[in-house]
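Trainee: Here you go, this is upload-v2.cif (mmCIF, C-alpha atoms).
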```
data_query
loop_
_atom_site.label_atom_id
_atom_site.label_comp_id
_atom_site.auth_asym_id
_atom_site.auth_seq_id
_atom_site.Cartn_x
_atom_site.Cartn_y
_atom_site.Cartn_z
CA MET A 8 83.49 68.64 -11.03
CA GLU A 9 80.99 68.96 -13.89
CA TYR A 10 79.03 65.91 -15.05
CA THR A 11 77.08 65.57 -18.30
CA LYS A 12 75.33 62.55 -19.74
CA LYS A 13 74.61 62.32 -23.46
CA GLU A 14 72.49 59.60 -25.04
CA LEU A 15 74.09 58.92 -28.40
CA GLY A 16 71.63 56.43 -29.82
CA SER A 17 73.20 53.05 -29.22
CA TYR A 18 75.27 54.06 -26.18
CA ASN A 19 75.58 56.64 -23.40
CA LEU A 20 78.47 59.09 -23.17
CA HIS A 21 79.32 60.40 -19.70
CA LEU A 22 81.60 63.44 -19.48
CA ILE A 23 83.17 64.33 -16.13
CA LYS A 24 85.10 67.59 -16.34
CA THR A 25 87.69 68.25 -13.66
CA ASP A 26 91.10 69.88 -13.31
CA LEU A 27 92.18 67.54 -10.51
CA TYR A 28 94.40 65.39 -12.73
CA LYS A 29 97.11 65.76 -15.36
CA THR A 30 95.63 62.78 -17.15
CA ILE A 31 92.50 62.05 -19.16
CA THR A 32 90.83 58.75 -18.32
CA VAL A 33 88.46 56.94 -20.66
CA LYS A 34 86.58 53.84 -19.53
CA ILE A 35 84.18 51.86 -21.71
CA PHE A 36 81.74 49.44 -20.06
CA PHE A 37 80.07 46.56 -21.88
CA ARG A 38 77.38 44.67 -19.98
CA GLU A 39 74.91 41.90 -20.64
CA GLU A 40 72.67 39.51 -18.71
CA ALA A 41 74.68 37.34 -16.33
CA LEU A 42 74.49 33.87 -17.86
CA LYS A 43 76.70 31.21 -16.30
CA GLU A 44 77.76 29.78 -19.67
CA ASN A 45 79.20 33.14 -20.76
CA ILE A 46 81.43 33.86 -17.75
CA THR A 47 84.45 31.86 -18.92
CA LYS A 48 84.18 33.08 -22.53
CA ARG A 49 83.98 36.67 -21.34
CA ASN A 50 87.06 36.31 -19.16
CA PHE A 51 88.93 34.67 -22.04
CA LEU A 52 87.88 37.48 -24.38
CA ALA A 53 89.10 40.24 -22.07
CA ARG A 54 92.51 38.58 -21.93
CA ILE A 55 92.96 37.92 -25.63
CA LEU A 56 91.98 41.44 -26.67
CA MET A 57 94.99 42.79 -24.75
CA LEU A 58 97.51 40.69 -26.68
CA ALA A 59 97.28 41.92 -30.26
CA THR A 60 95.26 43.82 -32.85
CA LYS A 61 95.27 43.89 -36.66
CA ASP A 62 97.22 47.15 -36.48
CA TYR A 63 99.65 45.81 -33.85
CA PRO A 64 99.72 42.03 -34.46
CA SER A 65 101.93 41.07 -31.51
CA LYS A 66 102.19 41.89 -27.83
CA VAL A 67 105.62 43.41 -28.45
CA GLU A 68 104.28 45.80 -31.09
CA LEU A 69 101.29 46.69 -28.95
CA THR A 70 103.47 47.44 -25.93
CA LYS A 71 105.87 49.51 -28.04
CA LYS A 72 102.95 51.61 -29.31
CA GLU A 73 101.77 52.20 -25.73
CA GLN A 74 105.25 53.43 -24.82
CA ASP A 75 105.38 55.69 -27.87
CA LEU A 76 102.21 57.37 -26.60
CA TYR A 77 103.97 58.45 -23.40
CA ALA A 78 103.26 55.19 -21.59
CA VAL A 79 99.50 55.21 -22.07
CA ASN A 80 97.91 52.70 -19.70
CA ILE A 81 95.22 50.39 -21.12
CA ALA A 82 93.64 47.65 -19.02
CA GLY A 83 90.63 45.34 -19.10
CA ALA A 84 88.60 43.78 -16.30
CA ASN A 85 85.58 41.53 -15.85
CA ARG A 86 83.10 41.25 -13.00
CA ARG A 87 79.49 40.55 -12.24
CA ILE A 88 77.35 43.49 -11.14
CA GLY A 89 74.05 42.21 -9.84
CA ASN A 90 72.22 40.58 -12.73
CA TYR A 91 74.84 41.70 -15.29
CA LEU A 92 78.23 40.53 -16.52
CA ASP A 93 80.32 43.65 -16.90
CA THR A 94 83.51 44.13 -18.91
CA SER A 95 85.42 47.39 -18.75
CA ILE A 96 88.38 48.57 -20.79
CA SER A 97 90.10 51.71 -19.55
CA LEU A 98 92.67 54.12 -20.91
CA ARG A 99 94.66 56.63 -18.88
CA VAL A 100 97.02 59.03 -20.63
CA LEU A 101 98.70 62.34 -19.89
CA HIS A 102 96.89 65.41 -21.20
CA ASP A 103 98.30 66.73 -24.48
CA LYS A 104 99.63 69.86 -22.77
CA TYR A 105 102.06 67.61 -20.88
CA THR A 106 103.02 65.55 -23.95
CA GLU A 107 102.39 66.77 -27.51
CA PRO A 108 99.39 67.83 -29.62
CA GLY A 109 97.42 64.87 -30.92
CA ASN A 110 98.72 62.34 -28.39
CA PHE A 111 95.29 61.87 -26.79
CA ARG A 112 93.67 61.29 -30.17
CA LYS A 113 96.29 58.68 -31.06
CA SER A 114 95.69 57.01 -27.69
CA LEU A 115 91.96 56.80 -28.41
CA GLU A 116 92.74 55.27 -31.79
CA LEU A 117 94.83 52.63 -30.05
CA LEU A 118 91.98 51.89 -27.66
CA ASN A 119 89.65 51.61 -30.64
CA SER A 120 92.05 49.17 -32.29
CA ILE A 121 92.13 46.95 -29.20
CA ILE A 122 88.35 46.82 -28.79
CA PHE A 123 87.00 47.02 -32.32
CA ASN A 124 89.82 45.78 -34.52
CA PRO A 125 91.26 42.65 -32.86
CA LYS A 126 93.65 40.31 -34.59
CA VAL A 127 91.22 38.05 -36.45
CA GLU A 128 91.45 35.99 -39.62
CA HIS A 129 88.72 33.93 -41.26
CA ASN A 130 86.28 34.65 -38.41
CA SER A 131 88.70 33.24 -35.88
CA PHE A 132 91.14 34.60 -33.30
CA GLY A 133 94.82 33.89 -33.95
CA ASP A 134 96.38 30.56 -32.98
CA LEU A 135 99.29 32.04 -31.02
CA GLU A 136 97.21 34.44 -28.92
CA PHE A 137 94.50 31.84 -28.31
CA ASP A 138 96.98 29.21 -27.14
CA ILE A 139 98.75 31.66 -24.81
CA VAL A 140 95.54 32.73 -23.13
CA TYR A 141 94.17 29.18 -22.99
CA GLU A 142 97.19 27.80 -21.13
CA GLU A 143 97.48 30.75 -18.74
CA TYR A 144 93.77 30.70 -17.97
CA LYS A 145 93.72 26.91 -17.49
CA ASN A 146 96.58 27.16 -14.99
CA ASP A 147 94.78 29.93 -13.10
CA LEU A 148 91.65 27.79 -12.80
CA LYS A 149 93.64 24.77 -11.65
CA ARG A 150 95.43 26.84 -9.01
CA LEU A 151 92.21 28.15 -7.46
CA VAL A 152 92.51 25.99 -4.37
CA GLU A 153 96.00 27.35 -3.61
CA ASP A 154 94.55 30.66 -2.38
CA LYS A 155 92.54 29.24 0.50
CA MET A 156 90.52 32.36 1.30
CA THR A 157 89.58 32.99 -2.33
CA TYR A 158 88.62 29.34 -2.69
CA ALA A 159 86.58 29.46 0.53
CA LEU A 160 84.75 32.59 -0.61
CA MET A 161 83.94 30.99 -3.96
CA ARG A 162 82.70 27.78 -2.33
CA GLY A 163 80.82 29.67 0.36
CA LEU A 164 78.85 31.65 -2.21
CA GLU A 165 78.16 28.50 -4.24
CA GLU A 166 76.75 26.77 -1.18
CA SER A 167 74.78 29.85 -0.13
CA PHE A 168 73.19 30.58 -3.50
CA PRO A 169 73.34 27.45 -5.69
CA SER A 170 70.55 28.60 -8.02
CA SER A 171 71.37 32.32 -8.15
CA VAL A 172 73.81 34.49 -10.09
CA THR A 173 75.35 35.32 -6.70
CA GLY A 174 76.74 31.79 -6.57
CA TYR A 175 78.47 31.96 -9.97
CA ARG A 176 82.25 31.72 -10.03
CA GLY A 177 83.49 35.04 -11.32
CA ILE A 178 86.79 33.51 -12.44
CA GLY A 179 84.98 30.97 -14.63
CA TYR A 180 84.89 27.20 -14.99
CA LEU A 181 87.46 24.72 -16.30
CA GLU A 182 84.79 22.61 -18.00
CA ASP A 183 83.57 25.69 -19.90
CA LEU A 184 87.12 26.65 -20.87
CA GLU A 185 87.54 23.29 -22.56
CA LYS A 186 84.56 24.09 -24.82
CA ILE A 187 86.02 27.36 -26.12
CA THR A 188 87.45 27.46 -29.63
CA LYS A 189 88.98 30.28 -31.66
CA GLU A 190 85.83 30.30 -33.77
CA ASN A 191 83.13 30.32 -31.08
CA LEU A 192 85.08 32.91 -29.10
CA TYR A 193 85.03 35.25 -32.09
CA GLU A 194 81.32 34.58 -32.50
CA TYR A 195 80.80 35.56 -28.87
CA TYR A 196 82.96 38.68 -29.38
CA GLN A 197 80.68 39.80 -32.20
CA ASN A 198 77.65 39.32 -29.98
CA VAL A 199 79.25 41.47 -27.27
CA ILE A 200 80.09 44.27 -29.69
CA LYS A 201 76.67 44.24 -31.34
CA HIS A 202 74.31 43.56 -28.45
CA ASN A 203 75.80 44.62 -25.11
CA TYR A 204 74.75 47.76 -23.27
CA VAL A 205 77.57 50.30 -23.60
CA ASP A 206 78.55 53.28 -21.46
CA VAL A 207 81.56 55.46 -22.28
CA PHE A 208 83.05 57.63 -19.52
CA VAL A 209 85.64 60.38 -20.01
CA LEU A 210 87.18 62.18 -17.04
CA GLY A 211 89.63 65.07 -17.17
CA SER A 212 90.10 68.58 -18.49
CA PHE A 213 88.57 69.00 -21.98
CA ASP A 214 86.01 70.81 -24.10
CA SER A 215 82.75 68.85 -23.92
CA GLU A 216 81.68 69.45 -27.52
CA GLU A 217 85.09 68.59 -28.93
CA MET A 218 85.27 65.44 -26.80
CA THR A 219 81.79 64.33 -27.88
CA ASN A 220 82.69 64.72 -31.55
CA LEU A 221 85.98 62.89 -31.05
CA ILE A 222 84.33 59.91 -29.33
CA ARG A 223 81.67 59.75 -32.05
CA GLU A 224 84.32 59.80 -34.76
CA ILE A 225 86.73 57.23 -33.37
CA PHE A 226 84.51 54.58 -31.77
CA PRO A 227 82.17 52.68 -34.13
CA ILE A 228 79.68 51.74 -31.42
CA ASN A 229 76.42 50.57 -32.92
CA THR A 230 74.77 48.20 -30.47
CA TYR A 231 71.22 46.94 -30.49
CA LYS A 232 69.57 47.76 -27.17
CA LYS A 233 67.52 45.08 -25.47
CA LYS A 234 65.09 45.61 -22.62
CA ALA A 235 67.08 46.36 -19.49
CA LEU A 236 67.16 43.95 -16.55
CA PRO A 237 66.82 45.02 -12.93
CA THR A 238 70.35 45.35 -11.58
CA LEU A 239 69.46 44.22 -8.06
CA VAL A 240 69.33 40.46 -7.50
CA ALA A 241 66.06 39.22 -6.01
CA ARG A 242 66.54 37.28 -2.81
CA LYS A 243 64.22 35.14 -0.66
CA GLU A 244 64.54 34.28 3.01
CA ASN A 245 65.93 30.77 3.54
CA SER A 246 63.96 28.50 5.87
CA LYS A 247 66.98 27.59 8.01
CA VAL A 248 70.66 28.33 8.31
CA LYS A 249 72.80 26.07 6.15
CA VAL A 250 76.08 24.80 7.58
CA VAL A 251 78.74 23.31 5.31
CA THR A 252 82.17 22.02 6.30
CA GLU A 253 84.92 21.08 3.87
CA ASN A 254 88.39 19.79 4.76
CA ILE A 255 91.60 20.94 3.14
CA GLU A 256 95.30 20.76 3.87
CA SER A 257 96.03 24.05 5.59
CA SER A 258 97.44 25.51 8.79
CA GLN A 259 94.23 27.45 9.52
CA ASP A 260 90.48 27.46 8.94
CA ASN A 261 88.79 29.80 6.51
CA LEU A 262 85.32 30.92 7.52
CA ILE A 263 82.65 32.39 5.25
CA ILE A 264 79.29 33.52 6.63
CA THR A 265 76.73 34.96 4.22
CA LEU A 266 73.98 37.21 5.57
CA ASN A 267 70.72 38.06 3.84
CA THR A 268 69.72 41.73 3.89
CA LEU A 269 66.11 41.51 2.83
CA GLY A 270 63.31 44.04 2.49
CA LEU A 271 65.56 47.10 2.53
CA THR A 272 64.49 50.40 1.05
CA ASP A 273 66.91 52.15 -1.31
CA TYR A 274 67.76 54.56 1.49
CA GLU A 275 68.48 51.74 3.94
CA ARG A 276 70.61 49.90 1.38
CA ASN A 277 72.73 52.94 0.58
CA TYR A 278 73.14 54.52 4.02
CA PRO A 279 72.27 52.66 7.25
CA LEU A 280 73.51 49.37 5.75
CA SER A 281 76.87 50.93 4.97
CA LEU A 282 77.28 52.11 8.56
CA LEU A 283 76.03 48.79 9.94
CA ASN A 284 78.75 47.01 7.99
CA VAL A 285 81.47 49.36 9.24
CA ILE A 286 80.37 48.70 12.82
CA LEU A 287 80.11 44.95 12.19
CA GLY A 288 83.37 44.30 10.38
CA GLY A 289 84.51 47.28 8.33
CA GLY A 290 87.80 48.03 10.02
CA THR A 291 90.12 47.60 12.99
CA GLU A 292 87.58 49.23 15.34
CA SER A 293 84.74 46.93 14.27
CA LEU A 294 82.97 44.45 16.53
CA LEU A 295 84.22 41.42 14.60
CA PHE A 296 87.83 42.57 14.73
CA ASN A 297 87.73 43.40 18.44
CA GLU A 298 85.64 40.49 19.70
CA VAL A 299 86.90 37.64 17.53
CA ARG A 300 90.48 38.66 16.87
CA GLU A 301 91.62 40.97 19.68
CA LYS A 302 89.73 39.69 22.73
CA LYS A 303 89.48 35.97 21.93
CA SER A 304 92.52 35.60 19.63
CA LEU A 305 90.55 33.26 17.37
CA ALA A 306 91.32 34.90 14.03
CA TYR A 307 94.30 36.09 12.06
CA THR A 308 91.94 38.31 10.14
CA ILE A 309 88.16 38.83 10.05
CA SER A 310 85.99 41.40 8.29
CA SER A 311 82.68 41.94 6.56
CA THR A 312 81.71 43.40 3.18
CA PRO A 313 78.26 44.38 1.93
CA ASN A 314 77.27 43.33 -1.57
CA LYS A 315 74.35 45.68 -1.99
CA LEU A 316 73.38 44.54 -5.48
CA ASP A 317 73.04 40.95 -4.23
CA ASN A 318 71.29 41.92 -0.98
CA ILE A 319 73.90 40.23 1.17
CA ILE A 320 76.77 40.84 3.59
CA ILE A 321 79.77 38.51 3.48
CA ILE A 322 81.79 37.81 6.63
CA ARG A 323 85.15 36.22 5.96
CA GLY A 324 87.83 35.19 8.40
CA GLY A 325 91.13 33.40 8.62
CA ILE A 326 90.55 31.44 11.83
CA SER A 327 92.90 29.46 14.07
CA SER A 328 92.68 25.79 13.15
CA GLY A 329 89.70 24.11 14.83
CA LYS A 330 88.33 27.37 16.28
CA SER A 331 85.73 28.23 13.62
CA LYS A 332 82.72 26.98 15.59
CA GLU A 333 83.76 29.12 18.55
CA ALA A 334 84.15 32.11 16.23
CA VAL A 335 80.68 31.48 14.75
CA LYS A 336 79.13 31.67 18.23
CA ILE A 337 80.65 35.09 18.77
CA VAL A 338 79.49 36.27 15.34
CA LYS A 339 75.94 35.20 16.17
CA MET A 340 76.11 37.05 19.48
CA ILE A 341 77.32 40.21 17.74
CA LEU A 342 74.49 40.04 15.20
CA LYS A 343 71.92 39.67 17.99
CA ASP A 344 73.38 42.63 19.90
CA LEU A 345 73.28 44.79 16.77
CA ALA A 346 69.60 43.93 16.22
CA LYS A 347 68.90 44.92 19.85
CA GLY A 348 70.84 48.17 19.58
CA LYS A 349 73.39 46.95 22.12
CA PHE A 350 76.40 48.85 20.81
CA ASP A 351 78.02 52.11 21.82
CA ASP A 352 76.72 55.33 20.26
CA ASN A 353 80.32 56.33 19.68
CA MET A 354 80.60 53.50 17.16
CA VAL A 355 78.07 55.31 14.95
CA ILE A 356 80.21 58.46 15.05
CA LYS A 357 83.35 56.51 14.16
CA ALA A 358 81.53 54.64 11.39
CA LYS A 359 80.53 57.95 9.82
CA GLU A 360 84.14 59.14 10.02
CA TYR A 361 85.28 55.91 8.38
CA TYR A 362 82.72 56.34 5.59
CA THR A 363 83.67 59.98 5.05
CA SER A 364 87.33 58.98 4.75
CA ALA A 365 86.35 56.38 2.12
CA LEU A 366 84.55 59.09 0.13
CA ASP A 367 87.65 61.27 0.31
CA ASP A 368 89.68 58.38 -1.12
CA ILE A 369 87.33 58.22 -4.12
CA ILE A 370 88.24 61.79 -5.07
CA GLU A 371 91.89 60.75 -5.19
CA SER A 372 91.28 58.24 -7.98
CA ALA A 373 89.96 59.00 -11.46
CA LEU A 374 88.83 55.39 -11.90
CA GLN A 375 86.94 55.43 -8.61
CA ILE A 376 85.18 58.64 -9.57
CA ILE A 377 84.10 57.00 -12.83
CA GLU A 378 82.94 53.95 -10.88
CA SER A 379 80.87 56.19 -8.63
CA TYR A 380 79.11 57.77 -11.60
CA TYR A 381 78.62 54.37 -13.22
CA MET A 382 76.71 53.27 -10.14
CA ILE A 383 74.58 56.41 -10.48
CA GLU A 384 73.79 55.27 -14.03
CA LEU A 385 72.94 51.70 -13.03
CA LEU A 386 71.18 52.26 -9.72
CA GLY A 387 70.24 55.91 -9.54
CA VAL A 388 72.25 56.37 -6.33
CA ASP A 389 73.35 59.78 -5.07
CA ASP A 390 76.52 61.59 -6.06
CA ILE A 391 79.50 61.78 -3.70
CA GLU A 392 78.63 65.07 -1.98
CA THR A 393 74.99 64.07 -1.48
CA LYS A 394 76.17 60.79 0.03
CA ARG A 395 78.39 62.72 2.41
CA GLU A 396 75.48 64.90 3.58
CA LYS A 397 72.92 62.09 3.93
CA MET A 398 75.30 59.77 5.76
CA GLN A 399 75.81 62.34 8.50
CA LYS A 400 72.07 62.31 9.21
CA VAL A 401 71.73 58.54 9.66
CA THR A 402 70.57 57.63 13.17
CA LYS A 403 71.39 54.70 15.39
CA ASP A 404 67.74 53.60 15.25
CA GLU A 405 67.95 53.40 11.44
CA ILE A 406 71.05 51.21 11.71
CA VAL A 407 69.30 48.93 14.21
CA ALA A 408 66.28 48.66 11.89
CA VAL A 409 68.55 47.34 9.13
CA ALA A 410 70.27 44.97 11.55
CA ARG A 411 66.87 43.46 12.29
CA LYS A 412 66.40 42.77 8.58
CA THR A 413 69.71 40.91 8.48
CA SER A 414 69.91 37.14 8.99
CA ILE A 415 72.41 34.33 8.48
CA ASN A 416 72.01 32.43 5.22
CA THR A 417 74.95 30.00 5.24
CA ILE A 418 77.97 29.19 7.40
CA TYR A 419 80.79 27.69 5.33
CA ILE A 420 83.92 26.41 7.05
CA LEU A 421 87.01 25.34 5.13
CA GLU A 422 88.72 23.39 7.90
CA GLY A 423 92.49 23.22 7.89
CA ARG A 424 93.99 19.80 8.45
CA GLU A 425 97.55 18.44 8.39
CA ASN A 426 96.39 16.02 5.69
CA SER A 427 93.48 16.81 3.39
CA GLY A 428 90.37 14.72 3.99
CA GLU A 429 87.22 14.14 2.00
CA SER A 430 84.75 16.99 1.67
CA ASN A 431 81.54 16.61 3.65
CA THR A 432 78.40 18.59 4.10
#
```
Could I get this structure in the form of structure tokens?
Mentor:
Amino acid sequence: MEYTKKELGSYNLHLIKTDLYKTITVKIFFREEALKENITKRNFLARILMLATKDYPSKVELTKKEQDLYAVNIAGANRRIGNYLDTSISLRVLHDKYTEPGNFRKSLELLNSIIFNPKVEHNSFGDLEFDIVYEEYKNDLKRLVEDKMTYALMRGLEESFPSSVTGYRGIGYLEDLEKITKENLYEYYQNVIKHNYVDVFVLGSFDSEEMTNLIREIFPINTYKKKALPTLVARKENSKVKVVTENIESSQDNLIITLNTLGLTDYERNYPLSLLNVILGGGTESLLFNEVREKKSLAYTISSTPNKLDNIIIIRGGISSGKSKEAVKIVKMILKDLAKGKFDDNMVIKAKEYYTSALDDIIESALQIIESYYMIELLGVDDIETKREKMQKVTKDEIVAVARKTSINTIYILEGRENSGESNT
């Protein structure tokens, strides 16, 4: 795999040459400062861009064109990465040698049409497309509470970090949706195109010079670069653990525990922390799974996930109704044991095997490879092979040192009841 980065004035072009795939994958990232008032507009924008363009003014015509290009796959996604809102639009298409000459170029032109030539009239998005997205998005926001674990996670983060980007709802806000118009959405679109940071990734088998010229020719990217923000979210130690309980009609409890991981070095964040999380709740051999679910039968599911850019670990569990407090006691005991080094050395070996397997999975996916290189761009982390080598050298003492820098921020319990009661804190 050969990686090259080219700074093309207003954006960065990242070329990843490999013969692993029959496809060529292109992914364009747009990112800007994470402002709460822009989350809903950005989600709305990503949806409406996929419905029509000036060249293909209906979803039917757009879909037909995708099929004509040998079922080219184009998709958009939004997320928050640390202090940034990030929108990506990806294209995956068979290499021309498996289709016909010029098919890749035509696919890029379609991608260009979707991003840079949306269906707009009189500085406004179209009525039909706007109304479709508005109603679908409104229904999604109203149905949030139906997925109890997703709702619990959202509420748990809000309670944990009420004044931080970490507490923002990634799906957006109904009250902000009601403020969006066809006109102010187009105004926001123009701001994204003109002022966001842009990175273009291309992965596959190609000639680097030809690909560079093709990208330059087809995509009219001309953004104004602002001063970059730190990607990592600053975090302070909370004075005491916050406990919040909310009642909801459900057959089980949903438990969210947020952990601060403060004062970590870059090395600790990228290596010992990853292994600590695997041991804590990263799989079926983890302490959480075995102690809470298998031995005590308190949980249907329980796991942990590190959010390194936010300096936190999130523990989430589907707990037997009324058993959350008992589960919390076990979690606290596990955290104390980890900080004291009271876990089997064999768990370190298995955690490294688990991590190595996860790295192998990355190689199987073009989009995951691109994601890995995007994180190199944003954070300066190591490449996949360097990660593999460094992870094998992590010691138990280094894992324990990170465990000692980990503390509970908030315990959020969404208690299941036969009949929903009033929320209380």
Trainee: Write out as a list in words each polymer residue whose atoms come within 9 Å of segment 189-198 of chain A, counting only C-alpha atoms; drop sequence neighbours fewer than 2 positions from it.
Mentor: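 Final neighbour list, sorted by chain and number: Asn45, Lys48, Arg49, Phe51, Leu52, Val127, His129, Asn130, Ser131, Phe132, Gly133, Asp134, Phe137, Lys186, Ile187, Ile200, Lys201, His202 and Asn203 of chain A.
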Trainee: Quick one: everything within 9 Å of segment 76-93 of chain A, counting all atoms listed in the file, minus sequence neighbours fewer than 4 positions away in the same chain. Send it as a compact mmCIF listing (two decimals) with C-alpha atoms, in the coordinates of the input.
Mentor:
```txt
# COMPACT_ATOMS: atom_id res chain seq x y z
CA PHE A 36 81.74 49.44 -20.06
CA PHE A 37 80.07 46.56 -21.88
CA ARG A 38 77.38 44.67 -19.98
CA GLU A 39 74.91 41.90 -20.64
CA GLU A 40 72.67 39.51 -18.71
CA ALA A 41 74.68 37.34 -16.33
CA LEU A 42 74.49 33.87 -17.86
CA ASN A 45 79.20 33.14 -20.76
CA ILE A 46 81.43 33.86 -17.75
CA ARG A 49 83.98 36.67 -21.34
CA ASN A 50 87.06 36.31 -19.16
CA ALA A 53 89.10 40.24 -22.07
CA ARG A 54 92.51 38.58 -21.93
CA LEU A 56 91.98 41.44 -26.67
CA MET A 57 94.99 42.79 -24.75
CA THR A 70 103.47 47.44 -25.93
CA LYS A 71 105.87 49.51 -28.04
CA LYS A 72 102.95 51.61 -29.31
CA SER A 97 90.10 51.71 -19.55
CA LEU A 98 92.67 54.12 -20.91
CA ARG A 99 94.66 56.63 -18.88
CA VAL A 100 97.02 59.03 -20.63
CA LEU A 101 98.70 62.34 -19.89
CA THR A 106 103.02 65.55 -23.95
CA ASN A 110 98.72 62.34 -28.39
CA PHE A 111 95.29 61.87 -26.79
CA LYS A 113 96.29 58.68 -31.06
CA SER A 114 95.69 57.01 -27.69
CA LEU A 118 91.98 51.89 -27.66
CA VAL A 172 73.81 34.49 -10.09
CA THR A 173 75.35 35.32 -6.70
CA TYR A 175 78.47 31.96 -9.97
CA GLY A 177 83.49 35.04 -11.32
CA ILE A 178 86.79 33.51 -12.44
CA LEU A 236 67.16 43.95 -16.55
CA PRO A 237 66.82 45.02 -12.93
CA THR A 238 70.35 45.35 -11.58
CA LEU A 239 69.46 44.22 -8.06
CA VAL A 240 69.33 40.46 -7.50
CA ASN A 314 77.27 43.33 -1.57
CA LYS A 315 74.35 45.68 -1.99
CA LEU A 316 73.38 44.54 -5.48
CA ASP A 317 73.04 40.95 -4.23
```
Trainee: Residues picked by the PyMOL selection byres ((chain A and resi 263) around 6) here, as a ChimeraX atom specification?
Mentor: /A:163,262,264,322-323,419
Trainee: Near Asn318 of chain A, within 9 Å and counting only C-alpha atoms, which residues show up once chain neighbours fewer than 3 positions away are dropped, as JSON, numbers by chain?
Mentor: {"A": [239, 240, 241, 242, 266, 267, 268, 269, 270, 271, 276, 313, 314, 315]}
Trainee: Evaluate the PyMOL selection byres ((chain A and resi 140) around 10) against this structure - the residues, as a PyMOL selection string, please.
Mentor: chain A and resi 51-55+58+135-139+141-146
Trainee: Applied to the shown file, which residues does the PyMOL selection byres ((chain A and resi 396-413) around 10) return, written as an NGL selection string?
Mentor: :A and (266-272 or 274-284 or 286-287 or 318-320 or 342-352 or 354-356 or 358-360 or 362-363 or 389 or 391-395 or 414-416)
Trainee: To one decimal place, how far is atom CA of Phe123 of chain A from atom CA of Val205 of chain A in Å?
Mentor: 13.3 Å
